[in-house]
file query.txt (compact mmCIF, C-alpha atoms)
# COMPACT_ATOMS: atom_id res chain seq x y z
CA MET A 1 50.97 114.96 79.11
CA LYS A 2 53.06 112.04 80.23
CA LYS A 3 53.49 109.59 77.42
CA THR A 4 52.59 106.05 78.35
CA LEU A 5 52.12 102.85 76.48
CA ASN A 6 50.06 101.26 79.22
CA PHE A 7 46.92 101.62 77.13
CA ILE A 8 48.29 98.83 74.93
CA LYS A 9 47.41 95.37 76.25
CA PRO A 10 50.32 93.25 77.44
CA VAL A 11 51.43 89.97 75.93
CA TYR A 12 53.64 87.83 78.11
CA ALA A 13 57.12 86.76 77.12
CA HIS A 14 56.90 84.79 80.26
CA CYS A 15 59.78 83.81 82.36
CA ASP A 16 60.19 83.36 86.06
CA LEU A 17 62.07 85.91 88.05
CA PRO A 18 64.91 86.83 88.05
CA CYS A 19 64.79 86.61 84.25
CA GLY A 20 67.58 84.38 83.04
CA VAL A 21 69.61 85.07 86.16
CA TYR A 22 70.31 81.83 87.97
CA ASP A 23 73.36 80.86 89.94
CA PRO A 24 73.88 78.01 92.41
CA VAL A 25 76.24 80.31 94.33
CA GLN A 26 73.18 81.73 96.08
CA ALA A 27 72.45 78.36 97.69
CA LYS A 28 76.18 77.83 98.32
CA VAL A 29 76.64 81.10 100.22
CA GLU A 30 73.70 80.31 102.53
CA ALA A 31 74.99 76.75 103.11
CA GLN A 32 78.45 78.09 103.94
CA SER A 33 76.86 80.38 106.47
CA VAL A 34 75.11 77.38 108.05
CA LEU A 35 78.43 75.53 108.25
CA GLU A 36 80.24 78.45 109.88
CA ILE A 37 77.47 78.83 112.46
CA ASP A 38 77.73 75.09 113.27
CA LYS A 39 81.49 75.47 113.80
CA LYS A 40 81.06 78.44 116.14
CA ILE A 41 77.94 77.50 118.05
CA THR A 42 79.46 75.40 120.85
CA ASN A 43 81.68 78.33 121.90
CA LEU A 44 78.86 80.86 122.07
CA SER A 45 77.10 82.20 125.14
CA GLU A 46 73.57 80.92 125.73
CA GLU A 47 72.16 84.20 124.50
CA ASP A 48 74.21 84.13 121.31
CA LYS A 49 73.37 80.45 120.76
CA GLU A 50 69.72 81.40 120.61
CA ARG A 51 70.44 84.03 117.97
CA ALA A 52 72.69 81.64 116.06
CA ILE A 53 69.99 78.96 115.90
CA PHE A 54 67.45 81.50 114.67
CA ILE A 55 69.83 82.81 111.99
CA LYS A 56 70.76 79.27 110.96
CA GLU A 57 67.08 78.36 110.49
CA GLU A 58 66.72 81.33 108.17
CA ARG A 59 69.84 80.42 106.16
CA SER A 60 68.81 76.75 105.84
CA GLU A 61 65.41 77.84 104.56
CA LEU A 62 67.09 80.11 102.02
CA VAL A 63 69.20 77.19 100.79
CA LYS A 64 65.97 75.27 100.19
CA ARG A 65 64.41 78.24 98.39
CA HIS A 66 67.40 78.80 96.08
CA LEU A 67 67.53 75.10 95.27
CA TRP A 68 63.80 75.02 94.50
CA ILE A 69 64.11 77.99 92.17
CA LEU A 70 66.94 76.33 90.26
CA TRP A 71 65.07 73.04 90.15
CA THR A 72 61.69 74.36 89.06
CA ASP A 73 62.64 77.46 87.04
CA TYR A 74 66.02 76.83 85.43
CA PHE A 75 66.36 73.14 84.66
CA LYS A 76 64.42 71.90 81.64
CA PRO A 77 63.36 68.42 80.42
CA GLU A 78 66.36 68.21 78.06
CA HIS A 79 68.66 68.58 81.09
CA LEU A 80 66.95 65.61 82.72
CA GLU A 81 67.68 63.48 79.65
CA LYS A 82 71.38 64.20 80.00
CA TYR A 83 71.47 64.11 83.82
CA PRO A 84 68.85 61.54 84.87
CA ASN A 85 69.86 61.83 88.56
CA LEU A 86 68.92 65.52 88.66
CA HIS A 87 65.57 65.15 90.43
CA ASP A 88 67.07 62.85 93.03
CA LEU A 89 70.02 65.21 93.55
CA PHE A 90 67.72 68.14 94.26
CA TRP A 91 65.48 66.04 96.48
CA GLN A 92 68.43 64.86 98.56
CA ALA A 93 69.93 68.34 98.79
CA THR A 94 66.70 69.99 99.95
CA LYS A 95 66.22 67.19 102.51
CA GLN A 96 69.79 67.80 103.70
CA ALA A 97 69.03 71.51 104.03
CA GLY A 98 66.17 70.55 106.31
CA LEU A 99 68.51 68.33 108.35
CA THR A 100 70.87 71.23 108.97
CA LYS A 101 68.09 72.93 110.93
CA ARG A 102 67.95 69.99 113.38
CA SER A 103 71.67 69.39 113.72
CA THR A 104 74.68 71.43 114.86
CA ASP A 105 77.12 68.86 113.48
CA PRO A 106 79.27 70.61 110.84
CA LYS A 107 79.41 67.33 108.87
CA VAL A 108 75.71 67.70 108.03
CA ALA A 109 76.32 71.15 106.52
CA GLU A 110 79.47 69.91 104.77
CA LYS A 111 77.45 67.18 103.07
CA LEU A 112 74.94 69.82 101.96
CA LEU A 113 77.76 71.86 100.42
CA GLU A 114 78.99 68.78 98.53
CA GLN A 115 75.51 68.22 97.13
CA ILE A 116 75.21 71.87 96.09
CA GLU A 117 78.64 71.58 94.45
CA GLU A 118 77.41 68.63 92.40
CA ILE A 119 74.34 70.59 91.31
CA SER A 120 76.55 73.56 90.49
CA LYS A 121 78.80 71.41 88.30
CA ILE A 122 75.79 70.21 86.28
CA PHE A 123 74.39 73.74 86.10
CA TRP A 124 77.59 75.17 84.57
CA GLU A 125 77.87 72.23 82.16
CA THR A 126 74.37 73.05 80.88
CA LYS A 127 75.46 76.67 80.39
CA LYS A 128 78.26 75.64 78.07
CA VAL A 129 75.85 74.05 75.55
CA MET B 1 42.56 92.66 61.56
CA PHE B 2 45.70 94.14 63.12
CA LEU B 3 46.48 94.66 66.77
CA LEU B 4 49.17 96.08 69.02
CA ARG B 5 50.60 94.42 72.09
CA ARG B 6 53.15 95.51 74.68
CA VAL B 7 55.68 92.76 75.45
CA HIS B 8 56.11 91.93 79.12
CA GLY B 9 59.10 89.74 79.95
CA GLU B 10 62.39 88.64 78.44
CA SER B 11 61.66 85.18 77.06
CA MET B 12 61.87 86.41 73.44
CA SER B 13 65.02 88.42 74.03
CA PRO B 14 67.11 89.55 72.19
CA THR B 15 64.69 89.33 69.25
CA ILE B 16 61.89 91.11 71.08
CA LYS B 17 62.67 92.76 74.38
CA HIS B 18 60.59 93.59 77.42
CA GLY B 19 58.61 96.77 76.83
CA GLU B 20 58.70 96.67 73.03
CA ILE B 21 55.51 97.11 71.05
CA ILE B 22 54.58 94.53 68.43
CA LEU B 23 52.15 94.61 65.56
CA ALA B 24 50.25 91.37 64.99
CA LYS B 25 47.69 90.04 62.55
CA ARG B 26 44.65 88.00 63.57
CA ASN B 27 44.69 85.87 60.44
CA VAL B 28 46.26 82.61 61.61
CA ASN B 29 45.33 80.39 58.70
CA GLN B 30 48.86 79.61 57.60
CA LEU B 31 51.27 78.89 60.41
CA ARG B 32 54.81 77.74 59.85
CA VAL B 33 57.91 76.90 61.86
CA GLY B 34 59.89 80.02 62.70
CA GLN B 35 56.91 82.34 62.99
CA VAL B 36 56.44 84.33 66.18
CA VAL B 37 52.90 84.07 67.47
CA ILE B 38 50.64 85.20 70.28
CA ALA B 39 49.02 82.21 71.91
CA ASN B 40 46.43 81.74 74.63
CA VAL B 41 48.06 79.63 77.34
CA ASP B 42 46.87 79.28 80.93
CA ASN B 43 44.37 82.14 80.64
CA ARG B 44 46.81 84.68 79.29
CA GLN B 45 48.40 85.66 76.03
CA VAL B 46 52.02 84.70 75.55
CA ILE B 47 54.45 85.47 72.75
CA LYS B 48 56.65 82.63 71.49
CA ARG B 49 58.17 81.22 68.32
CA ILE B 50 56.87 78.07 66.60
CA SER B 51 59.73 75.60 66.70
CA LYS B 52 57.85 72.44 65.63
CA ILE B 53 54.55 71.45 64.09
CA LYS B 54 53.39 67.89 64.70
CA HIS B 55 50.00 66.41 63.85
CA GLY B 56 48.63 69.94 63.55
CA GLU B 57 49.82 70.96 67.02
CA LEU B 58 52.49 73.53 67.72
CA PHE B 59 55.60 73.44 69.90
CA LEU B 60 56.32 76.97 71.11
CA GLU B 61 59.62 78.21 72.48
CA GLY B 62 61.05 81.53 73.58
CA ASP B 63 64.18 82.77 71.79
CA ASN B 64 65.75 83.24 75.22
CA LYS B 65 65.91 79.53 75.97
CA GLU B 66 67.21 79.89 79.51
CA GLY B 67 64.63 82.46 80.50
CA SER B 68 61.52 81.06 78.92
CA THR B 69 58.63 78.98 80.18
CA ASP B 70 57.17 77.40 77.07
CA SER B 71 56.17 74.13 75.40
CA ARG B 72 59.13 72.47 77.05
CA GLU B 73 57.03 72.78 80.22
CA TYR B 74 53.42 72.83 79.00
CA GLY B 75 53.73 70.69 75.88
CA PHE B 76 52.29 71.12 72.39
CA VAL B 77 49.63 73.75 71.87
CA SER B 78 46.55 73.39 69.68
CA ARG B 79 46.22 75.60 66.58
CA SER B 80 43.01 76.92 68.05
CA ASN B 81 45.09 78.48 70.85
CA ILE B 82 46.99 80.69 68.42
CA TYR B 83 45.54 84.18 68.64
CA ALA B 84 47.68 86.14 66.20
CA LYS B 85 50.86 86.17 64.13
CA VAL B 86 53.47 88.80 64.96
CA ILE B 87 54.44 90.76 61.86
CA ALA B 88 56.58 93.60 63.21
CA VAL B 89 58.25 95.18 66.19
CA LEU B 90 57.46 98.87 66.11
CA SER B 91 60.35 101.30 66.05
CA LYS B 92 60.52 104.22 68.50
CA ARG B 93 59.58 106.60 65.68
CA TYR B 94 56.27 104.81 65.05
CA ILE B 95 55.56 104.51 68.75
CA SER B 96 56.09 108.24 69.16
CA LEU B 97 53.76 108.88 66.23
CA LEU B 98 51.18 106.53 67.74
CA LEU B 99 51.32 108.36 71.07
CA ASP B 100 50.98 111.73 69.33
CA VAL B 101 47.91 110.54 67.40
CA ARG B 102 46.36 109.14 70.54
CA SER B 103 47.11 112.28 72.45
CA SER B 104 45.44 114.45 69.80
CA LEU B 105 42.40 112.16 69.67
CA PHE B 106 41.85 112.17 73.42
CA SER B 107 42.86 115.70 74.35
call {"tool": "encode", "arguments": {"input": "query.txt", "output": "structure tokens"}}
result
Amino acid sequence: MKKTLNFIKPVYAHCDLPCGVYDPVQAKVEAQSVLEIDKKITNLSEEDKERAIFIKEERSELVKRHLWILWTDYFKPEHLEKYPNLHDLFWQATKQAGLTKRSTDPKVAEKLLEQIEEISKIFWETKKV
Amino acid sequence: MFLLRRVHGESMSPTIKHGEIILAKRNVNQLRVGQVVIANVDNRQVIKRISKIKHGELFLEGDNKEGSTDSREYGFVSRSNIYAKVIAVLSKRYISLLLDVRSSLFS
């Protein structure tokens, strides 16, 4: 008989997934992809441009998702006390991620990367505590 | 009264890990800072440590600070929400014995 402990009720040591695994590099990689697509897009065939725009939309959305997860799941009230601009930083970065969908100007994606870099710096400072 | 619970999640790691079985006691008359408790929060039972007691209300935190949703998000918890006090994490030997007893009872 297969031994199982499922008959014992669960109690939740709740955390949001992935448990304790957060890294702004996820948002950064997607934003870099957006930037590289913006750099290449003017030299693409019409057919490839269509694919590039579709892929870029997906990547921009992933940037937003990774930023939201960091914002809502990792950062805690004590971080806000030390970095009072944190909410605004995330708000601006997710808005910028939305802008990258509407623009093929690499400068828009570059600004997004700068914002993610600023978030990343704060993130790693909080890890040192 | 005593009860067993199976821990789901890593917010009390490394003290109590995901999948471990804990033994708890329903008598919650005396609660103190440092105790690990089972609390009713948002319609489910969570396991956290009491880190502060203020005006009779409890501030609960997971030992795994980075991977825990706790009073830092949902605030102080009333004493009436405390369901049980955790008194032990069962070793593999006791779990094996428990499964053997259950198996013989229900076979």
call {"tool": "residues_around", "arguments": {"input": "query.txt", "residues": "Asn6 in chain A", "least_positions_apart": "4", "cutoff": "12 Å", "atoms": "all atoms listed in the file", "output": "mmCIF file with C-alpha atoms, in the coordinates of the input"}}
result
data_model
loop_
_atom_site.group_PDB
_atom_site.id
_atom_site.type_symbol
_atom_site.label_atom_id
_atom_site.label_comp_id
_atom_site.auth_asym_id
_atom_site.auth_seq_id
_atom_site.Cartn_x
_atom_site.Cartn_y
_atom_site.Cartn_z
ATOM 1 C CA LYS A 2 53.060 112.040 80.230
ATOM 2 C CA PRO A 10 50.320 93.250 77.440
ATOM 3 C CA VAL A 11 51.430 89.970 75.930
ATOM 4 C CA LEU B 4 49.170 96.080 69.020
ATOM 5 C CA ARG B 5 50.600 94.420 72.090
ATOM 6 C CA ARG B 6 53.150 95.510 74.680
ATOM 7 C CA VAL B 7 55.680 92.760 75.450
ATOM 8 C CA HIS B 8 56.110 91.930 79.120
ATOM 9 C CA GLY B 19 58.610 96.770 76.830
ATOM 10 C CA GLU B 20 58.700 96.670 73.030
ATOM 11 C CA ILE B 21 55.510 97.110 71.050
ATOM 12 C CA LEU B 99 51.320 108.360 71.070
#
call {"tool": "residues_around", "arguments": {"input": "query.txt", "residues": "Leu23 in chain B", "least_positions_apart": "4", "cutoff": "10 Å", "atoms": "all atoms listed in the file", "output": "number ranges by chain"}}
result
B: 2-6, 84-90
call {"tool": "write_last_selection", "arguments": {"input": "query.txt", "atoms": "C-alpha atoms", "output": "compact mmCIF listing (two decimals), in the frame of the given file"}}
result
# COMPACT_ATOMS: atom_id res chain seq x y z
CA PHE B 2 45.70 94.14 63.12
CA LEU B 3 46.48 94.66 66.77
CA LEU B 4 49.17 96.08 69.02
CA ARG B 5 50.60 94.42 72.09
CA ARG B 6 53.15 95.51 74.68
CA ALA B 84 47.68 86.14 66.20
CA LYS B 85 50.86 86.17 64.13
CA VAL B 86 53.47 88.80 64.96
CA ILE B 87 54.44 90.76 61.86
CA ALA B 88 56.58 93.60 63.21
CA VAL B 89 58.25 95.18 66.19
CA LEU B 90 57.46 98.87 66.11
call {"tool": "residues_around", "arguments": {"input": "query.txt", "residues": "Ser11 in chain B", "least_positions_apart": "3", "cutoff": "10 Å", "atoms": "all atoms listed in the file", "output": "PyMOL selection string"}}
result
(chain A and resi 12-16+19-20) or (chain B and resi 7-8+14-18+46-48+61-70)
call {"tool": "closest_residue", "arguments": {"input": "query.txt", "among": "A:Asp105, A:Glu58, A:Val29, A:Ile8", "to": "Ile41 in chain A", "atoms": "only C-alpha atoms"}}
result
A:Asp105
call {"tool": "closest_residue", "arguments": {"input": "query.txt", "among": "A:Glu78, A:Glu57, A:Glu30, A:Glu46", "to": "chain B", "atoms": "only C-alpha atoms"}}
result
A:Glu78
call {"tool": "closest_residue", "arguments": {"input": "query.txt", "among": "B:Val41, B:Tyr74, B:Leu60, B:Ser91", "to": "Ile22 in chain B", "atoms": "only C-alpha atoms"}}
result
B:Ser91
call {"tool": "closest_residue", "arguments": {"input": "query.txt", "among": "A:Glu81, A:Glu110, A:Glu47, A:Gln96", "to": "Ser60 in chain A", "atoms": "all atoms listed in the file"}}
result
A:Gln96
call {"tool": "closest_residue", "arguments": {"input": "query.txt", "among": "B:Arg102, B:Lys25, B:Arg93, B:Lys54", "to": "chain A", "atoms": "only C-alpha atoms"}}
result
B:Arg102
call {"tool": "closest_residue", "arguments": {"input": "query.txt", "among": "A:Glu61, A:Glu125, A:Asp23, A:Asp73", "to": "chain B", "atoms": "all atoms listed in the file"}}
result
A:Asp73
call {"tool": "atom_distance", "arguments": {"input": "query.txt", "atom1": "CA of Met12 in chain B", "atom2": "CA of Ala39 in chain B"}}
result
13.6 Å
call {"tool": "axis_aligned_box", "arguments": {"input": "query.txt", "around": "range 4-15 of chain B", "padding_each_side": "6 Å", "output": "AutoDock Vina command-line options"}}
result
--center_x 58.1 --center_y 90.6 --center_z 74.5 --size_x 29.9 --size_y 22.9 --size_z 22.9
call {"tool": "atom_distance", "arguments": {"input": "query.txt", "atom1": "CA of Arg32 in chain B", "atom2": "CA of Arg49 in chain B"}}
result
9.8 Å
call {"tool": "residues_around", "arguments": {"input": "query.txt", "residues": "Gln92 in chain A", "least_positions_apart": "6", "cutoff": "12 Å", "atoms": "only C-alpha atoms", "output": "mmCIF file with C-alpha atoms, keeping the file's coordinate frame"}}
result
data_model
loop_
_atom_site.group_PDB
_atom_site.id
_atom_site.type_symbol
_atom_site.label_atom_id
_atom_site.label_comp_id
_atom_site.auth_asym_id
_atom_site.auth_seq_id
_atom_site.Cartn_x
_atom_site.Cartn_y
_atom_site.Cartn_z
ATOM 1 C CA LYS A 64 65.970 75.270 100.190
ATOM 2 C CA LEU A 67 67.530 75.100 95.270
ATOM 3 C CA TRP A 68 63.800 75.020 94.500
ATOM 4 C CA ASN A 85 69.860 61.830 88.560
ATOM 5 C CA LEU A 86 68.920 65.520 88.660
ATOM 6 C CA GLY A 98 66.170 70.550 106.310
ATOM 7 C CA LEU A 99 68.510 68.330 108.350
ATOM 8 C CA LYS A 111 77.450 67.180 103.070
ATOM 9 C CA LEU A 112 74.940 69.820 101.960
ATOM 10 C CA LEU A 113 77.760 71.860 100.420
ATOM 11 C CA GLU A 114 78.990 68.780 98.530
ATOM 12 C CA GLN A 115 75.510 68.220 97.130
ATOM 13 C CA ILE A 116 75.210 71.870 96.090
ATOM 14 C CA GLU A 118 77.410 68.630 92.400
ATOM 15 C CA ILE A 119 74.340 70.590 91.310
#
call {"tool": "decode", "arguments": {"input": "query.txt", "residues": "range 73-104 of chain B", "atoms": "N, CA, C and O atoms", "output": "compact mmCIF listing (two decimals), in the first residue's frame"}}
result
# COMPACT_ATOMS: atom_id res chain seq x y z
N GLU B 73 1.70 42.04 5.72
CA GLU B 73 0.70 42.37 4.70
C GLU B 73 -0.68 42.55 5.31
O GLU B 73 -1.39 43.51 5.02
N TYR B 74 -1.12 41.57 6.15
CA TYR B 74 -2.51 41.61 6.62
C TYR B 74 -2.68 42.18 8.02
O TYR B 74 -3.81 42.22 8.53
N GLY B 75 -1.60 42.64 8.63
CA GLY B 75 -1.73 43.33 9.92
C GLY B 75 -1.87 42.38 11.11
O GLY B 75 -1.75 41.17 10.98
N PHE B 76 -2.12 42.98 12.29
CA PHE B 76 -2.27 42.21 13.51
C PHE B 76 -3.49 41.29 13.42
O PHE B 76 -4.48 41.60 12.75
N VAL B 77 -3.36 40.18 14.14
CA VAL B 77 -4.42 39.16 14.12
C VAL B 77 -4.98 39.02 15.54
O VAL B 77 -4.24 39.03 16.52
N SER B 78 -6.29 38.90 15.63
CA SER B 78 -6.93 38.75 16.94
C SER B 78 -6.58 37.40 17.57
O SER B 78 -6.37 36.41 16.87
N ARG B 79 -6.53 37.37 18.90
CA ARG B 79 -6.28 36.11 19.63
C ARG B 79 -7.30 35.04 19.26
O ARG B 79 -7.01 33.86 19.23
N SER B 80 -8.50 35.50 18.97
CA SER B 80 -9.57 34.54 18.66
C SER B 80 -9.32 33.82 17.34
O SER B 80 -9.94 32.80 17.04
N ASN B 81 -8.37 34.36 16.54
CA ASN B 81 -8.02 33.70 15.28
C ASN B 81 -6.97 32.60 15.45
O ASN B 81 -6.69 31.87 14.51
N ILE B 82 -6.40 32.51 16.62
CA ILE B 82 -5.37 31.50 16.85
C ILE B 82 -6.05 30.16 17.12
O ILE B 82 -6.83 30.02 18.07
N TYR B 83 -5.75 29.20 16.30
CA TYR B 83 -6.41 27.89 16.36
C TYR B 83 -5.67 26.90 17.25
O TYR B 83 -6.29 26.12 17.97
N ALA B 84 -4.34 26.93 17.16
CA ALA B 84 -3.56 25.96 17.94
C ALA B 84 -2.12 26.43 18.08
O ALA B 84 -1.67 27.30 17.33
N LYS B 85 -1.44 25.85 19.07
CA LYS B 85 -0.01 26.12 19.26
C LYS B 85 0.76 24.92 18.74
O LYS B 85 0.43 23.77 19.08
N VAL B 86 1.81 25.16 17.98
CA VAL B 86 2.63 24.06 17.48
C VAL B 86 3.59 23.62 18.59
O VAL B 86 4.26 24.46 19.19
N ILE B 87 3.62 22.32 18.86
CA ILE B 87 4.51 21.86 19.93
C ILE B 87 5.65 20.98 19.42
O ILE B 87 6.65 20.82 20.10
N ALA B 88 5.51 20.44 18.21
CA ALA B 88 6.60 19.59 17.71
C ALA B 88 6.51 19.40 16.21
O ALA B 88 5.42 19.49 15.62
N VAL B 89 7.65 19.15 15.62
CA VAL B 89 7.71 18.69 14.23
C VAL B 89 8.03 17.20 14.32
O VAL B 89 9.01 16.82 14.98
N LEU B 90 7.20 16.39 13.70
CA LEU B 90 7.39 14.95 13.85
C LEU B 90 8.57 14.45 13.02
O LEU B 90 8.72 14.84 11.86
N SER B 91 9.34 13.57 13.63
CA SER B 91 10.48 13.00 12.90
C SER B 91 9.96 11.92 11.94
O SER B 91 8.82 11.45 12.07
N LYS B 92 10.82 11.51 11.01
CA LYS B 92 10.42 10.50 10.02
C LYS B 92 10.04 9.20 10.70
O LYS B 92 9.15 8.48 10.26
N ARG B 93 10.70 8.90 11.82
CA ARG B 93 10.43 7.65 12.53
C ARG B 93 8.99 7.62 13.03
O ARG B 93 8.28 6.63 12.90
N TYR B 94 8.54 8.74 13.61
CA TYR B 94 7.18 8.82 14.13
C TYR B 94 6.15 8.84 13.02
O TYR B 94 5.07 8.30 13.15
N ILE B 95 6.51 9.47 11.90
CA ILE B 95 5.60 9.51 10.77
C ILE B 95 5.41 8.09 10.22
O ILE B 95 4.31 7.66 9.91
N SER B 96 6.52 7.37 10.13
CA SER B 96 6.46 6.00 9.64
C SER B 96 5.59 5.15 10.55
O SER B 96 4.76 4.34 10.09
N LEU B 97 5.75 5.35 11.86
CA LEU B 97 4.95 4.61 12.84
C LEU B 97 3.48 4.97 12.69
O LEU B 97 2.60 4.09 12.71
N LEU B 98 3.21 6.24 12.50
CA LEU B 98 1.84 6.73 12.32
C LEU B 98 1.20 6.08 11.10
O LEU B 98 0.05 5.63 11.14
N LEU B 99 1.95 6.02 10.01
CA LEU B 99 1.42 5.42 8.78
C LEU B 99 1.17 3.92 8.97
O LEU B 99 0.18 3.39 8.46
N ASP B 100 2.05 3.27 9.70
CA ASP B 100 1.88 1.83 9.97
C ASP B 100 0.63 1.57 10.80
O ASP B 100 -0.14 0.65 10.53
N VAL B 101 0.41 2.42 11.80
CA VAL B 101 -0.77 2.26 12.66
C VAL B 101 -2.03 2.49 11.83
O VAL B 101 -2.99 1.73 11.91
N ARG B 102 -1.99 3.53 11.02
CA ARG B 102 -3.16 3.84 10.19
C ARG B 102 -3.44 2.71 9.22
O ARG B 102 -4.59 2.31 9.01
N SER B 103 -2.38 2.22 8.64
CA SER B 103 -2.50 1.13 7.67
C SER B 103 -3.15 -0.10 8.33
O SER B 103 -4.03 -0.74 7.77
N SER B 104 -2.72 -0.42 9.55
CA SER B 104 -3.27 -1.61 10.22
C SER B 104 -4.70 -1.38 10.66
O SER B 104 -5.52 -2.32 10.68
